[in-house]
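File shown: input-v8.cif. Contents: mmCIF, C-alpha atoms.
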```cif
data_upload
#
loop_
_atom_site.group_PDB
_atom_site.id
_atom_site.type_symbol
_atom_site.label_atom_id
_atom_site.label_comp_id
_atom_site.auth_asym_id
_atom_site.auth_seq_id
_atom_site.Cartn_x
_atom_site.Cartn_y
_atom_site.Cartn_z
ATOM 1 C CA MET J 14 155.676 -14.144 -84.531
ATOM 2 C CA THR J 15 152.990 -15.297 -86.972
ATOM 3 C CA ALA J 16 152.638 -13.698 -90.372
ATOM 4 C CA LYS J 17 149.052 -12.456 -90.579
ATOM 5 C CA PRO J 18 147.247 -9.412 -91.931
ATOM 6 C CA ASP J 19 146.073 -6.879 -89.388
ATOM 7 C CA PRO J 20 142.884 -4.977 -90.245
ATOM 8 C CA PHE J 21 144.039 -1.835 -88.387
ATOM 9 C CA ILE J 22 147.423 -1.681 -90.112
ATOM 10 C CA HIS J 23 146.238 -2.862 -93.522
ATOM 11 C CA PRO J 24 145.359 0.577 -95.045
ATOM 12 C CA ILE J 25 148.532 2.027 -96.471
ATOM 13 C CA THR J 26 148.431 5.279 -94.460
ATOM 14 C CA ARG J 27 148.284 3.397 -91.183
ATOM 15 C CA LEU J 28 150.968 0.997 -92.398
ATOM 16 C CA SER J 29 153.164 4.030 -93.119
ATOM 17 C CA ILE J 30 152.514 5.528 -89.686
ATOM 18 C CA CYS J 31 153.243 2.267 -87.847
ATOM 19 C CA GLY J 32 156.225 1.452 -90.081
ATOM 20 C CA LEU J 33 157.780 4.847 -89.431
ATOM 21 C CA LEU J 34 157.171 4.640 -85.695
ATOM 22 C CA ALA J 35 158.804 1.204 -85.660
ATOM 23 C CA ALA J 36 161.862 2.421 -87.555
ATOM 24 C CA GLY J 37 163.951 2.724 -84.392
ATOM 25 C CA ALA J 38 162.885 6.019 -82.825
ATOM 26 C CA ASP J 39 161.448 6.255 -79.321
ATOM 27 C CA TRP J 40 159.050 9.081 -80.135
ATOM 28 C CA VAL J 41 158.326 10.840 -83.417
ATOM 29 C CA GLU J 42 156.840 14.320 -83.557
ATOM 30 C CA PHE J 43 153.681 15.102 -85.577
ATOM 31 C CA ALA J 44 155.376 17.197 -88.272
ATOM 32 C CA ALA J 45 158.237 14.709 -88.722
ATOM 33 C CA LEU J 46 155.779 11.843 -89.118
ATOM 34 C CA ARG J 47 153.559 13.842 -91.490
ATOM 35 C CA ASP J 48 156.478 14.862 -93.715
ATOM 36 C CA ALA J 49 158.064 11.408 -93.791
ATOM 37 C CA ALA J 50 154.732 9.723 -94.597
ATOM 38 C CA GLY J 51 153.845 12.439 -97.123
ATOM 39 C CA ILE J 52 150.312 12.931 -95.796
ATOM 40 C CA SER J 53 148.267 15.907 -94.652
ATOM 41 C CA ASP J 54 147.697 17.045 -91.066
ATOM 42 C CA SER J 55 144.063 15.954 -91.097
ATOM 43 C CA VAL J 56 144.836 12.485 -92.457
ATOM 44 C CA LEU J 57 147.530 11.949 -89.842
ATOM 45 C CA SER J 58 145.201 13.143 -87.056
ATOM 46 C CA LYS J 59 142.400 10.849 -88.175
ATOM 47 C CA GLN J 60 144.496 7.742 -88.776
ATOM 48 C CA SER J 61 146.578 8.160 -85.632
ATOM 49 C CA ARG J 62 143.358 8.370 -83.600
ATOM 50 C CA VAL J 63 142.233 5.036 -85.071
ATOM 51 C CA LEU J 64 145.595 3.490 -84.150
ATOM 52 C CA GLU J 65 145.457 5.053 -80.686
ATOM 53 C CA ASP J 66 141.957 3.638 -80.103
ATOM 54 C CA ALA J 67 143.235 0.211 -81.202
ATOM 55 C CA GLY J 68 146.004 0.498 -78.606
ATOM 56 C CA TYR J 69 148.763 0.426 -81.248
ATOM 57 C CA VAL J 70 150.002 3.976 -80.801
ATOM 58 C CA GLU J 71 150.663 6.063 -77.704
ATOM 59 C CA VAL J 72 150.167 9.805 -78.016
ATOM 60 C CA ARG J 73 151.772 12.448 -75.851
ATOM 61 C CA LYS J 74 150.641 16.029 -76.204
ATOM 62 C CA GLY J 75 152.531 19.024 -74.993
ATOM 63 C CA ALA J 76 153.293 22.591 -75.922
ATOM 64 C CA VAL J 77 156.350 24.732 -76.332
ATOM 65 C CA GLY J 78 155.207 28.294 -75.710
ATOM 66 C CA ARG J 79 151.958 28.558 -77.637
ATOM 67 C CA ARG J 80 152.860 25.898 -80.191
ATOM 68 C CA PRO J 81 151.278 22.539 -79.528
ATOM 69 C CA ARG J 82 153.530 19.550 -79.945
ATOM 70 C CA THR J 83 152.267 16.009 -80.389
ATOM 71 C CA TRP J 84 154.557 13.006 -80.125
ATOM 72 C CA PHE J 85 153.755 9.448 -81.189
ATOM 73 C CA ARG J 86 155.150 6.131 -80.117
ATOM 74 C CA LEU J 87 154.333 2.559 -81.136
ATOM 75 C CA THR J 88 153.137 0.387 -78.258
ATOM 76 C CA ALA J 89 154.378 -3.179 -77.720
ATOM 77 C CA GLU J 90 151.034 -4.446 -79.023
ATOM 78 C CA GLY J 91 151.335 -2.242 -82.103
ATOM 79 C CA ARG J 92 154.884 -3.439 -82.753
ATOM 80 C CA GLN J 93 153.818 -7.071 -82.555
ATOM 81 C CA ALA J 94 150.883 -6.496 -84.928
ATOM 82 C CA LEU J 95 153.112 -4.589 -87.358
ATOM 83 C CA GLU J 96 155.757 -7.325 -87.397
ATOM 84 C CA GLY J 97 153.101 -9.923 -88.192
ATOM 85 C CA HIS J 98 151.616 -7.723 -90.888
ATOM 86 C CA LEU J 99 154.993 -6.952 -92.487
ATOM 87 C CA ALA J 100 155.878 -10.645 -92.505
ATOM 88 C CA TRP J 101 152.561 -11.343 -94.235
ATOM 89 C CA LEU J 102 153.263 -8.554 -96.756
ATOM 90 C CA ALA J 103 156.730 -9.952 -97.445
ATOM 91 C CA GLN J 104 155.182 -13.382 -98.106
ATOM 92 C CA LEU J 105 152.642 -11.749 -100.401
ATOM 93 C CA GLU J 106 155.353 -9.855 -102.263
ATOM 94 C CA GLU J 107 157.340 -13.055 -102.679
ATOM 95 C CA ALA J 108 154.291 -14.977 -103.886
ATOM 96 C CA VAL J 109 153.428 -12.223 -106.379
ATOM 97 C CA SER J 110 156.965 -12.107 -107.785
ATOM 98 C CA ALA J 111 157.110 -15.932 -107.930
ATOM 99 C CA SER J 112 153.818 -16.121 -109.811
ATOM 100 C CA THR J 113 154.947 -13.355 -112.192
ATOM 101 C CA ARG J 114 158.151 -15.321 -112.804
ATOM 102 C CA ASP J 115 156.149 -18.507 -113.405
ATOM 103 C CA VAL J 116 153.774 -16.779 -115.822
ATOM 104 C CA THR J 117 156.740 -15.346 -117.750
ATOM 105 C CA GLN J 118 158.411 -18.725 -117.870
ATOM 106 C CA ALA J 119 155.153 -20.495 -118.796
ATOM 107 C CA ARG J 120 154.495 -18.182 -121.768
ATOM 108 C CA PRO J 121 154.168 -20.604 -124.683
ATOM 109 C CA LEU J 122 156.855 -20.396 -127.280
ATOM 110 C CA PRO J 123 156.207 -21.294 -130.905
ATOM 111 C CA GLY J 124 155.924 -25.078 -130.954
ATOM 112 C CA ASP J 125 155.316 -25.279 -127.167
ATOM 113 C CA ARG J 126 151.523 -25.239 -127.307
ATOM 114 C CA ASP J 127 151.144 -28.836 -126.159
ATOM 115 C CA GLN J 128 153.092 -28.261 -122.914
ATOM 116 C CA PRO J 129 151.051 -28.062 -119.668
ATOM 117 C CA ARG J 130 150.531 -24.558 -118.157
ATOM 118 C CA ARG J 131 152.082 -23.785 -114.804
ATOM 119 C CA VAL J 132 149.584 -22.578 -112.217
ATOM 120 C CA PRO J 133 150.883 -20.092 -109.584
ATOM 121 C CA PRO J 134 150.299 -21.086 -105.948
ATOM 122 C CA PRO J 135 147.394 -19.429 -104.074
ATOM 123 C CA LEU J 136 148.436 -16.224 -102.277
ATOM 124 C CA LEU J 137 146.270 -16.654 -99.242
ATOM 125 C CA ASP J 138 144.745 -19.565 -97.447
ATOM 126 C CA SER J 139 141.013 -19.382 -98.138
ATOM 127 C CA SER J 140 140.212 -20.814 -94.679
ATOM 128 C CA MET P 16 140.932 3.983 -98.595
ATOM 129 C CA HIS P 17 144.005 2.870 -100.489
ATOM 130 C CA ASP P 18 144.391 -0.868 -99.996
ATOM 131 C CA VAL P 19 147.949 -2.028 -99.449
ATOM 132 C CA ALA P 20 147.348 -5.526 -100.836
ATOM 133 C CA ARG P 21 146.652 -4.011 -104.250
ATOM 134 C CA ASP P 22 149.888 -2.051 -104.137
ATOM 135 C CA PRO P 23 152.873 -4.309 -104.815
ATOM 136 C CA ALA P 24 155.216 -1.439 -103.941
ATOM 137 C CA ALA P 25 153.883 -0.962 -100.385
ATOM 138 C CA LEU P 26 157.070 -2.225 -98.759
ATOM 139 C CA GLU P 27 159.149 -0.187 -101.182
ATOM 140 C CA LEU P 28 157.117 2.903 -100.245
ATOM 141 C CA LEU P 29 157.718 2.206 -96.565
ATOM 142 C CA ARG P 30 161.462 1.997 -97.226
ATOM 143 C CA ALA P 31 161.369 5.374 -98.998
ATOM 144 C CA GLN P 32 159.417 6.919 -96.107
ATOM 145 C CA ARG P 33 161.909 5.581 -93.571
ATOM 146 C CA SER P 34 164.685 7.037 -95.643
ATOM 147 C CA ARG P 35 162.926 10.448 -95.483
ATOM 148 C CA LEU P 36 162.589 10.082 -91.704
ATOM 149 C CA ALA P 37 166.287 9.182 -91.391
ATOM 150 C CA ASP P 38 167.235 12.255 -93.423
ATOM 151 C CA ARG P 39 165.633 14.450 -90.749
ATOM 152 C CA MET P 40 168.135 13.084 -88.262
ATOM 153 C CA ARG P 41 170.845 15.468 -89.485
ATOM 154 C CA PRO P 42 172.234 17.594 -86.666
ATOM 155 C CA PRO P 43 171.853 21.379 -86.969
ATOM 156 C CA TRP P 44 175.037 23.493 -86.950
ATOM 157 C CA TRP P 45 174.630 24.450 -83.308
ATOM 158 C CA TYR P 46 174.506 20.813 -82.239
ATOM 159 C CA LEU P 47 178.073 20.050 -83.270
ATOM 160 C CA THR P 48 179.225 23.376 -81.795
ATOM 161 C CA GLY P 49 177.472 22.374 -78.576
ATOM 162 C CA VAL P 50 179.118 18.939 -78.663
ATOM 163 C CA ALA P 51 182.516 20.657 -79.026
ATOM 164 C CA ILE P 52 181.724 22.887 -76.004
ATOM 165 C CA LEU P 53 180.534 19.858 -74.028
ATOM 166 C CA TYR P 54 183.754 17.918 -74.628
ATOM 167 C CA ALA P 55 185.846 21.039 -74.044
ATOM 168 C CA LEU P 56 184.222 21.215 -70.587
ATOM 169 C CA ILE P 57 184.873 17.497 -70.028
ATOM 170 C CA PHE P 58 188.511 17.735 -71.064
ATOM 171 C CA ALA P 59 188.937 20.859 -68.944
ATOM 172 C CA SER P 60 188.288 18.746 -65.837
ATOM 173 C CA PRO P 61 191.955 17.668 -65.331
ATOM 174 C CA PHE P 62 192.933 21.366 -65.439
ATOM 175 C CA SER P 63 190.073 22.534 -63.243
ATOM 176 C CA SER P 64 190.636 19.840 -60.626
ATOM 177 C CA ARG P 65 194.253 21.003 -60.300
ATOM 178 C CA TYR P 66 194.001 24.750 -60.751
ATOM 179 C CA LEU P 67 190.497 25.677 -59.556
ATOM 180 C CA HIS P 68 188.826 25.633 -56.149
ATOM 181 C CA GLN P 69 186.603 22.669 -55.283
ATOM 182 C CA GLY P 70 183.460 24.811 -55.727
ATOM 183 C CA ASP P 71 184.449 25.941 -59.220
ATOM 184 C CA TYR P 72 185.191 22.343 -60.190
ATOM 185 C CA TRP P 73 181.652 21.284 -59.234
ATOM 186 C CA ALA P 74 180.230 24.282 -61.064
ATOM 187 C CA ILE P 75 181.958 23.106 -64.265
ATOM 188 C CA LEU P 76 180.610 19.585 -63.718
ATOM 189 C CA VAL P 77 177.044 20.890 -63.338
ATOM 190 C CA ALA P 78 177.501 23.073 -66.440
ATOM 191 C CA THR P 79 178.695 19.999 -68.382
ATOM 192 C CA LEU P 80 175.595 18.032 -67.398
ATOM 193 C CA ALA P 81 173.349 20.994 -68.227
ATOM 194 C CA VAL P 82 174.923 21.368 -71.691
ATOM 195 C CA ALA P 83 174.508 17.606 -72.333
ATOM 196 C CA CYS P 84 170.799 17.708 -71.384
ATOM 197 C CA LEU P 85 170.203 20.891 -73.401
ATOM 198 C CA LEU P 86 171.861 19.391 -76.474
ATOM 199 C CA GLN P 87 169.749 16.228 -76.329
ATOM 200 C CA TRP P 88 166.568 18.242 -75.772
ATOM 201 C CA GLY P 89 167.441 20.622 -78.610
ATOM 202 C CA LEU P 90 168.247 17.808 -81.031
ATOM 203 C CA ASP P 91 164.951 16.037 -80.226
ATOM 204 C CA ARG P 92 163.039 19.226 -80.897
ATOM 205 C CA ALA P 93 164.952 20.227 -84.025
ATOM 206 C CA THR P 94 164.639 16.838 -85.706
ATOM 207 C CA GLY P 95 161.233 15.811 -84.311
ATOM 208 C CA ILE P 96 162.667 12.398 -83.495
ATOM 209 C CA LYS P 97 163.587 11.122 -80.053
ATOM 210 C CA VAL P 98 166.200 8.522 -80.751
ATOM 211 C CA GLY P 99 169.435 7.187 -79.349
ATOM 212 C CA PRO P 100 170.281 5.985 -75.862
ATOM 213 C CA ARG P 101 167.866 7.461 -73.291
ATOM 214 C CA PRO P 102 169.253 8.296 -69.842
ATOM 215 C CA LEU P 103 166.701 6.195 -67.920
ATOM 216 C CA ARG P 104 167.194 3.166 -70.190
ATOM 217 C CA VAL P 105 170.969 3.550 -69.799
ATOM 218 C CA LEU P 106 170.520 3.345 -66.013
ATOM 219 C CA ARG P 107 168.337 0.256 -66.387
ATOM 220 C CA ASP P 108 169.941 -1.604 -69.309
ATOM 221 C CA GLY P 109 173.557 -0.454 -69.255
ATOM 222 C CA LEU P 110 175.607 2.100 -71.156
ATOM 223 C CA PHE P 111 175.614 0.291 -74.492
ATOM 224 C CA TYR P 112 172.101 -1.203 -74.620
ATOM 225 C CA TYR P 113 171.322 0.886 -77.720
ATOM 226 C CA ARG P 114 172.664 -0.873 -80.809
ATOM 227 C CA PRO P 115 172.971 1.776 -83.579
ATOM 228 C CA GLY P 116 176.255 3.656 -83.558
ATOM 229 C CA ARG P 117 177.565 1.447 -80.735
ATOM 230 C CA PRO P 118 181.184 1.218 -82.052
ATOM 231 C CA ALA P 119 181.340 5.020 -82.264
ATOM 232 C CA ARG P 120 179.963 5.380 -78.727
ATOM 233 C CA ILE P 121 182.489 2.884 -77.371
ATOM 234 C CA ALA P 122 185.217 4.845 -79.165
ATOM 235 C CA ILE P 123 183.893 8.077 -77.577
ATOM 236 C CA LEU P 124 184.275 6.525 -74.136
ATOM 237 C CA VAL P 125 187.765 5.161 -74.883
ATOM 238 C CA VAL P 126 188.977 8.508 -76.299
ATOM 239 C CA SER P 127 187.512 10.361 -73.294
ATOM 240 C CA LEU P 128 189.252 8.137 -70.766
ATOM 241 C CA ALA P 129 192.546 8.084 -72.675
ATOM 242 C CA ALA P 130 192.562 11.868 -73.111
ATOM 243 C CA ILE P 131 191.748 12.589 -69.458
ATOM 244 C CA VAL P 132 194.428 10.171 -68.198
ATOM 245 C CA THR P 133 197.009 11.584 -70.642
ATOM 246 C CA GLU P 134 196.141 15.181 -69.744
ATOM 247 C CA ALA P 135 196.381 14.459 -66.018
ATOM 248 C CA SER P 136 199.769 12.805 -66.529
ATOM 249 C CA LEU P 137 201.094 15.690 -68.654
ATOM 250 C CA ILE P 138 199.849 18.277 -66.135
ATOM 251 C CA ARG P 139 201.545 16.320 -63.321
ATOM 252 C CA HIS P 140 204.828 16.533 -65.242
ATOM 253 C CA GLY P 141 204.339 20.263 -65.838
ATOM 254 C CA LEU P 142 203.733 19.917 -69.592
ATOM 255 C CA LEU P 143 200.751 22.263 -69.701
ATOM 256 C CA ALA P 144 200.981 23.146 -73.423
ATOM 257 C CA ALA P 145 201.097 19.470 -74.402
ATOM 258 C CA ALA P 146 198.058 18.798 -72.204
ATOM 259 C CA ILE P 147 196.137 21.602 -73.947
ATOM 260 C CA VAL P 148 197.062 20.139 -77.369
ATOM 261 C CA VAL P 149 195.847 16.695 -76.253
ATOM 262 C CA ALA P 150 192.561 18.226 -75.040
ATOM 263 C CA ALA P 151 192.054 20.075 -78.337
ATOM 264 C CA LEU P 152 192.755 16.945 -80.386
ATOM 265 C CA ALA P 153 190.414 14.920 -78.188
ATOM 266 C CA VAL P 154 187.598 17.477 -78.681
ATOM 267 C CA ALA P 155 188.034 17.241 -82.468
ATOM 268 C CA ALA P 156 188.033 13.425 -82.290
ATOM 269 C CA GLU P 157 184.889 13.402 -80.122
ATOM 270 C CA VAL P 158 182.991 15.669 -82.536
ATOM 271 C CA ALA P 159 183.921 13.358 -85.430
ATOM 272 C CA LEU P 160 182.879 10.295 -83.413
ATOM 273 C CA GLN P 161 179.576 11.940 -82.447
ATOM 274 C CA GLN P 162 178.892 12.448 -86.156
ATOM 275 C CA ALA P 163 179.709 8.775 -86.764
ATOM 276 C CA ALA P 164 177.272 7.764 -83.989
ATOM 277 C CA LEU P 165 174.532 9.868 -85.613
ATOM 278 C CA ARG P 166 175.320 8.265 -88.974
ATOM 279 C CA GLY P 167 174.773 4.860 -87.318
ATOM 280 C CA ILE P 168 171.414 6.032 -85.965
ATOM 281 C CA ARG P 169 170.397 7.313 -89.416
ATOM 282 C CA GLN P 170 171.372 3.982 -90.958
ATOM 283 C CA ASP P 171 169.285 2.153 -88.383
ATOM 284 C CA LEU P 172 166.264 4.375 -89.050
ATOM 285 C CA ARG P 173 166.657 3.741 -92.766
ATOM 286 C CA GLY P 174 166.861 -0.015 -92.222
ATOM 287 C CA GLY P 175 163.822 -0.030 -89.964
ATOM 288 C CA GLY P 176 165.534 -0.721 -86.637
ATOM 289 C CA GLY P 177 165.059 -4.462 -86.967
ATOM 290 C CA ALA P 178 161.354 -4.236 -87.823
ATOM 291 C CA ALA P 179 161.486 -5.382 -91.440
#
```

Can you present the structure in this file as structure tokens?
Amino acid sequence: MTAKPDPFIHPITRLSICGLLAAGADWVEFAALRDAAGISDSVLSKQSRVLEDAGYVEVRKGAVGRRPRTWFRLTAEGRQALEGHLAWLAQLEEAVSASTRDVTQARPLPGDRDQPRRVPPPLLDSS
Amino acid sequence: MHDVARDPAALELLRAQRSRLADRMRPPWWYLTGVAILYALIFASPFSSRYLHQGDYWAILVATLAVACLLQWGLDRATGIKVGPRPLRVLRDGLFYYRPGRPARIAILVVSLAAIVTEASLIRHGLLAAAIVVAALAVAAEVALQQAALRGIRQDLRGGGGAA
């Protein structure tokens, strides 16, 4: 698995949806996903459609009596993309905390003005 | 659109959301009652095979399967999460392919077998009251173990099921 950002999963709502679907459940129902992600019905509908079109999420619609029920599942492709994206995020988080640590440590103390400044490593490869 | 790269707490947020999802995986009151009924039917099999006609014995077996399916269906609908070992995957990948709560599920199987063998032995020796006590204790143990298995599933959901 390579750590790389995925443009479909990058927005935080879609990351939440994919992350929740990858949490270990086979299928997650619309209301459960909406409540856990803390988003509205319309946002979940819109973002899940984007993920479905990308082939990351499988949608199964049914009804119990007159109440419609929609279930979501992450596809194998979606799982792979999410794992890569989460690995990239973890690297980013680590790089951010390392650079914060370096900046804190590099803060000049009285009498330290002549010491060279530490430069944090670049977060992303520009290529 | 909120950009995740600008939010250093994105992974932390995801952990909190998974925790909320896991909290939904709490069984309703009727589920544990149903589990008790299910195991009562299972542990009634040594009695029914000895004291009931063949037809009645099969009727109890069918009822047991029906209760098991109804319980799983009801739990899926009540929680909004389909999780745990699925019957078709069990047929394909074996009884213990599903990792979360595996120790509890192995214990469920061991207690079931031990209780049924003990009951059958006690019934053979005419100790009917002792066999009933064993069945009652086994039902209580199975309900506790089922709760432990669900706790394992909740823990797995919270941890992300291996996906970060």

> Quick one: which residues end up in the PyMOL selection byres ((chain P and resi 38) around 10) for this structure, as a list in words?
Replying inline: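 So the PyMOL selection byres ((chain P and resi 38) around 10), applied here, picks out Ala49 of chain J; Gln32, Arg33, Ser34, Arg35, Leu36, Ala37, Arg39, Met40, Arg41, Pro42, Thr94, Arg169, Gln170, Leu172 and Arg173 of chain P.
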
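Using all atoms listed in the file, the smallest distance between any of P:Lys97, P:Leu80, P:Ile131, P:Leu28 and Arg86 in chain J comes from P:Lys97.
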
> Just how far from CA of Ser58 in chain J is CA of Thr26 in chain J, in Å to one decimal?
Replying inline: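 If I compute the distance from CA of Thr26 in chain J to CA of Ser58 in chain J, I get 11.3 Å.
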
>> With all atoms listed in the file considered, list every residue of chain J at most 9 Å from chain P, as number ranges by chain.
In response: J: 23-26, 28-29, 32-33, 35-46, 48-51, 84, 92, 95-96, 99-100, 102-103, 105-106, 109

> What's the 10 Å shell around Gln104 in chain J, counting all atoms listed in the file, without same-chain residues fewer than 4 positions away, as an MDAnalysis selection string?
Replying inline: chainID J and resid 16:17 98:100 108:110 136:137

> Mind pulling up the distance from CA of Asp71 in chain P to CA of Ala153 in chain P?
Replying inline: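 Going from CA of Ala153 in chain P over to CA of Asp71 in chain P covers 22.7 Å.
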
> In Å, how far is it from CA of Ala135 in chain P to CA of Pro61 in chain P?
Replying inline: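 So the two atoms, CA of Ala135 in chain P and CA of Pro61 in chain P, lie 5.5 Å apart.
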
> Which one of P:Ser60, P:Val82, P:Gln162, P:Val149 sits closest to Pro43 in chain P if you count all atoms listed in the file?
Replying inline: P:Gln162

> Looking at all atoms listed in the file, which of P:Ala156, P:Ala144, P:Ala150, P:Leu110 is the one that sits closest to Val132 in chain P?
Replying inline: P:Ala150

> How would you write, as a PyMOL selection string, the residues chosen by the PyMOL selection byres ((chain J and resi 61) around 10) on this structure?
Replying inline: chain J and resi 26-27+30-31+43+55-60+62-67+69-72+85

>> Here's the selection I'm unsure about, the PyMOL selection byres ((chain P and resi 78) around 12); applied to the file above, which residues does it give, as a PyMOL selection string?
In response: chain P and resi 52-57+59-60+71-77+79-85
